[in-house]
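Student: Mind having a look at this structure? Questions to follow.
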Amino acid sequence: MNRFLTLFIASLFPVLLFGQNNFDSLLDELDQTVGDYQLYSNKKENEINKLKGLLQYTAADLQKYAIYGKLYSEYKLYQSDSALIYARKSFQIAEKLKDDRKLNDAQLNLASIMGTLGMYKEATDILNTININTTPDLKGYYFTVNSVVYGYMSDYAASPQEKEKYVLLTKKYRDSSLNFYPTQSSAYIMAKSSTLLDAGKHKEMLHLLVNYFPNIALNSPDKAVIAYLISQAYRVKKDPIQEQKWLTISAISDLQLAKKEYISLRSLAFLMYENGDIDRAYKYIKRSLEDALFCNARLRTYEISKMMPIINEAYQKQNETNRLQLILFLISASILSVFLLVLLFLLFKQMKKLSKAKQDLSLANTKLSELNTELNTFNEKLNETNYTLTEANLLKEIYIGRYMDQCSDYIGKLDEYRRKLNVMATTGKMNDLISAVKSKQFIEKELAAFYTTFDKTFLQLFPNFIEEFKALLVDDEATQLKEGELLNTELRIFALIRLGIKDSAKISIFLRYSVSTIYNYRSQLKNKAAGPREEFEAKVMRIGTSLK
């Protein structure tokens with residue numbers, strides 16, 4: 001059983017942690033909203049001023065009635081005194097228009113705002129004069145206003161008997177309003193949920209409200225009311241986390257819509273006080289009181305005034321505790337500072353000794369670094385020399401073997417050529433003999449074979465020579481090969497240079513060109529070098545190596 005309980009708690013912990021993080025983010029959003037209250041108030045004032053501006057261009061009573069109604073709606077939860085003014089103006093216009101619906105609607109608005117201002121007798125007098133049967137579509141609103149006014153009166157009742165009487169009237173009118181609202185309207189949902197709350201049907205109430213909440217528009221004042229009712233259901237269920245969460249959602253909506261007459265923030269302030277979050281509790285109750293005074297919502301001011309001294313006293317005690325802690329901290333910091341000064345003085349003396357040792361060590365490190373640099377340079381040169389020697393040995397091995405084969409082949413060819421000439425001489429074919437001796441065909445054929453052998457051998461050693469050589473030029477026109485060619489004259493010149501034959505005279509003998517021709521070829525290609533001209537041949541020498 002204990003193991004099962006442990007596993008259950010362990011599995012539930014991430015959910016609880018997520019819920020706590022979610023609530024913390026909501027509180028952060030609320031704190032930001034409380035701080036930006038002036039921004040939302042300015043937005044509200046701009047909307048009101050736009051409506052007031054329309055009155056300057058309106059002369060018709062019907063249009064004035066509509067604008068007064070909108071101004072009443074804007075002021076109702078923002079500034080009660082101004083809402084009362086525009087409710088009275090609407091009533092005066094309605095009397096002139098002699099329209100029963102407009103007259104009853106204006107009277108209901110007037111009674112509603114009087115209830116907010118604590119003018120309960122005046123409100124009930126107006127409600128008693130309304131013949132609601134002439135306007136059946138306003139019956140839901142009529143019963144709601146009666147319910148709200150008697151609800152206020154029950155809160156202010158001086159005796160239990162009066163309180164009980166007004167509570168019964170509140171429930172009676174609230175239940176009556178349910179018969180006249182569409183079942184999917186906010187007014188119906190709010191009245192129905194209050195009925196379920198009184199009946200102790202919390203699950204049904206939550207099911208109704210939580211399913212309806214996502215359908216409410218963000219800018220609707222009903223959003224905060226529904227969220228508050230959900231919090232009350234969780235309060236009765238004794239679920240403080242969910243209660244605080246929905247109170248926070250409700251308070252955010254109230255403040256962002258610049259509502260000054262509200263309950264949620266004040267209720268949340270008291271919960272924060274009970275949880276020991278005195279800073280938030282003080283900030284929320286202070287904001288609630290300032291808004292209630294601005295709105296002149298007497299009931300809300302009265303409710304807040306009962307809580308304000310309690311939270312304010314706790315806030316002052318916390319500030320005093322913080323002040324004493326700060327003094328203690330400053331004394332501790334001062335003692336610590338003296339200790340640190342003594343320690344710093346000792347450290348300073350030790351650091352002077354260390355500084356000299358570091359200077360000596362730094363000088364030694366510098367000399368060692370210079371020696372390492374020289375050694376690295378020497379090693380690089382040695383590696384380069386070793387590589388060059390290794391490469392030279394490889395070249396020698398390949399070319400010695402290749403040219404021994406070629407020399408043997410030439411001896412055979414010369415012997416065959418000698419026998420051919422001997423046959424011509426002995427048979428008396430003197431003319432053929434003279435022609436053969438004068439002809440350069442044999443030499444040219446052998447030269448071509450020699451160059452082909454050279455080209456194949458070189459490209460065997462440096463298979464990427466042509467591509468790497470082209471990369472060294474800005475114009476590779478000189479490296480374009482004809483069909484059947486392995487290397488052309490320009491490439492052979494620099495192939496010989498790559499093999500270490502840099503003397504133009506030796507290259508001219510090898511390729512059967514004049515020295516000046518070889519010099520011109522070399523100069524022309526240097527002029528086309530992609531980099532500095534004087535570094536071109538050095539880069540050629542690095543083709544096929546890792547020293548590029």
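Labels used: A, B, ... for chains in the order of the structure tokens, numbers from 1 for residues in each chain, and numbers from 1 for ligands as shown.
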Fewer than 3 positions away in the same chain doesn't count, so skip those; otherwise give me all residues within 7 Å of Ile543 of chain A, counting only C-alpha atoms, as a ChimeraX atom specification.
Tutor: /A:465,468,539-540
Student: For Ala191 of chain A, list every protein, DNA or RNA residue within 9 Å, evaluated using only C-alpha atoms, and leave out those in the same chain fewer than 4 positions away; present the list as a list in words.
Tutor: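 Contacts, in chain order: Thr144, Arg174, Asp175, Ser177, Leu178, Ser186, Ala187, Thr195 and Leu196 of chain A.
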Student: Considering only C-alpha atoms, can you say which of A:Tyr40, A:Glu467, A:Leu27, A:Phe294 comes closest to Asp277 of chain A?
Tutor: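 The shortest atom-to-atom distance to Asp277 of chain A comes from A:Leu27.
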Student: Write out as an mmCIF file with all heavy atoms, in the first residue's frame each polymer residue whose atoms come within 7 Å of Ser504 of chain A, counting only C-alpha atoms; drop sequence neighbours fewer than 6 positions from it.
Tutor:
```
data_model
loop_
_atom_site.group_PDB
_atom_site.id
_atom_site.type_symbol
_atom_site.label_atom_id
_atom_site.label_comp_id
_atom_site.auth_asym_id
_atom_site.auth_seq_id
_atom_site.Cartn_x
_atom_site.Cartn_y
_atom_site.Cartn_z
ATOM 1 N N VAL A 515 67.290 28.933 -76.474
ATOM 2 C CA VAL A 515 67.207 29.418 -75.091
ATOM 3 C C VAL A 515 66.224 30.570 -74.971
ATOM 4 O O VAL A 515 65.459 30.673 -74.012
ATOM 5 C CB VAL A 515 68.603 29.846 -74.591
ATOM 6 C CG1 VAL A 515 68.518 30.455 -73.195
ATOM 7 C CG2 VAL A 515 69.558 28.654 -74.581
ATOM 8 N N ILE A 518 62.641 29.355 -74.873
ATOM 9 C CA ILE A 518 62.296 28.808 -73.554
ATOM 10 C C ILE A 518 62.069 29.940 -72.550
ATOM 11 O O ILE A 518 61.106 29.934 -71.767
ATOM 12 C CB ILE A 518 63.411 27.873 -73.051
ATOM 13 C CG1 ILE A 518 63.576 26.681 -73.988
ATOM 14 C CG2 ILE A 518 63.102 27.388 -71.631
ATOM 15 C CD1 ILE A 518 62.340 25.832 -74.158
ATOM 16 N N TYR A 519 62.906 30.965 -72.593
ATOM 17 C CA TYR A 519 62.787 32.117 -71.689
ATOM 18 C C TYR A 519 61.452 32.833 -71.907
ATOM 19 O O TYR A 519 60.770 33.238 -70.959
ATOM 20 C CB TYR A 519 63.973 33.053 -71.913
ATOM 21 C CG TYR A 519 63.916 34.290 -71.056
ATOM 22 C CD1 TYR A 519 64.312 34.243 -69.714
ATOM 23 C CD2 TYR A 519 63.436 35.489 -71.562
ATOM 24 C CE1 TYR A 519 64.233 35.365 -68.924
ATOM 25 C CE2 TYR A 519 63.361 36.611 -70.775
ATOM 26 C CZ TYR A 519 63.760 36.559 -69.447
ATOM 27 O OH TYR A 519 63.683 37.665 -68.659
#
```
Student: For Asn131 of chain A, find every residue with an atom within 10 Å (counting only C-alpha atoms), except residues of its own chain fewer than 5 positions away, and show them as a list in words.
Tutor: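 My list of contacting residues is Asp100, Asn104 and Pro136 of chain A.
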Student: What's around Ala505 of chain A at 12 Å? Count only C-alpha atoms, leave out sequence neighbours fewer than 5 positions away in its own chain, and write the answer as a list of chain:residue names.
Tutor: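 Here the answer would be A:Ile493, A:Phe510, A:Leu511, A:Arg512, A:Tyr513, A:Ser514, A:Val515, A:Ser516, A:Thr517, A:Ile518, A:Tyr519.
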Student: How far is it from atom CA of Ala530 of chain A to atom CA of Leu473 of chain A, in Å with one decimal?
Tutor: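 Computing it gives 4.8 Å between the two atoms.
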Student: Between atom CA of Val342 of chain A and atom CA of Lys358 of chain A, what distance in Å does the model show, to one decimal?
Tutor: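 Atom CA of Val342 of chain A sits 23.9 Å away from atom CA of Lys358 of chain A.
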Student: For Pro240 of chain A, which residue out of A:Asn42, A:Gln441, A:Asn215, A:Asn275 is the nearest one, using only C-alpha atoms?
Tutor: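 Closest candidate: A:Asn275.
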Student: For the helix (DSSP H, G or I) assignment from backbone DSSP, which residues of segment 36-214 of chain A qualify? Please present them as JSON, numbers by chain.
Tutor: {"A": [37, 38, 39, 40, 41, 42, 43, 44, 45, 46, 47, 48, 49, 50, 51, 52, 53, 54, 55, 61, 62, 63, 64, 65, 66, 67, 68, 69, 70, 71, 72, 73, 74, 75, 76, 80, 81, 82, 83, 84, 85, 86, 87, 88, 89, 90, 91, 92, 93, 94, 95, 96, 97, 100, 101, 102, 103, 104, 105, 106, 107, 108, 109, 110, 111, 112, 113, 114, 115, 116, 120, 121, 122, 123, 124, 125, 126, 127, 128, 129, 132, 133, 134, 136, 137, 138, 139, 140, 141, 142, 143, 144, 145, 146, 147, 148, 149, 150, 151, 152, 153, 154, 155, 156, 160, 161, 162, 163, 164, 165, 166, 167, 168, 169, 170, 171, 172, 173, 174, 175, 176, 177, 178, 179, 180, 186, 187, 188, 189, 190, 191, 192, 193, 194, 195, 196, 197, 198, 202, 203, 204, 205, 206, 207, 208, 209, 210, 211, 212, 213, 214]}
Student: Residues at most 12 Å from Ser220 of chain A, counting only C-alpha atoms, excluding those fewer than 3 positions away in the same chain, as a list of chain:residue names?
Tutor: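 Final neighbour list, sorted by chain and number: A:Ser186, A:Phe213, A:Pro214, A:Asn215, A:Ile216, A:Ala217, A:Lys223, A:Ala224, A:Val225, A:Ile226, A:Ala227, A:Ser250, A:Ser253, A:Asp254, A:Gln256, A:Leu257, A:Ala258, A:Lys259.
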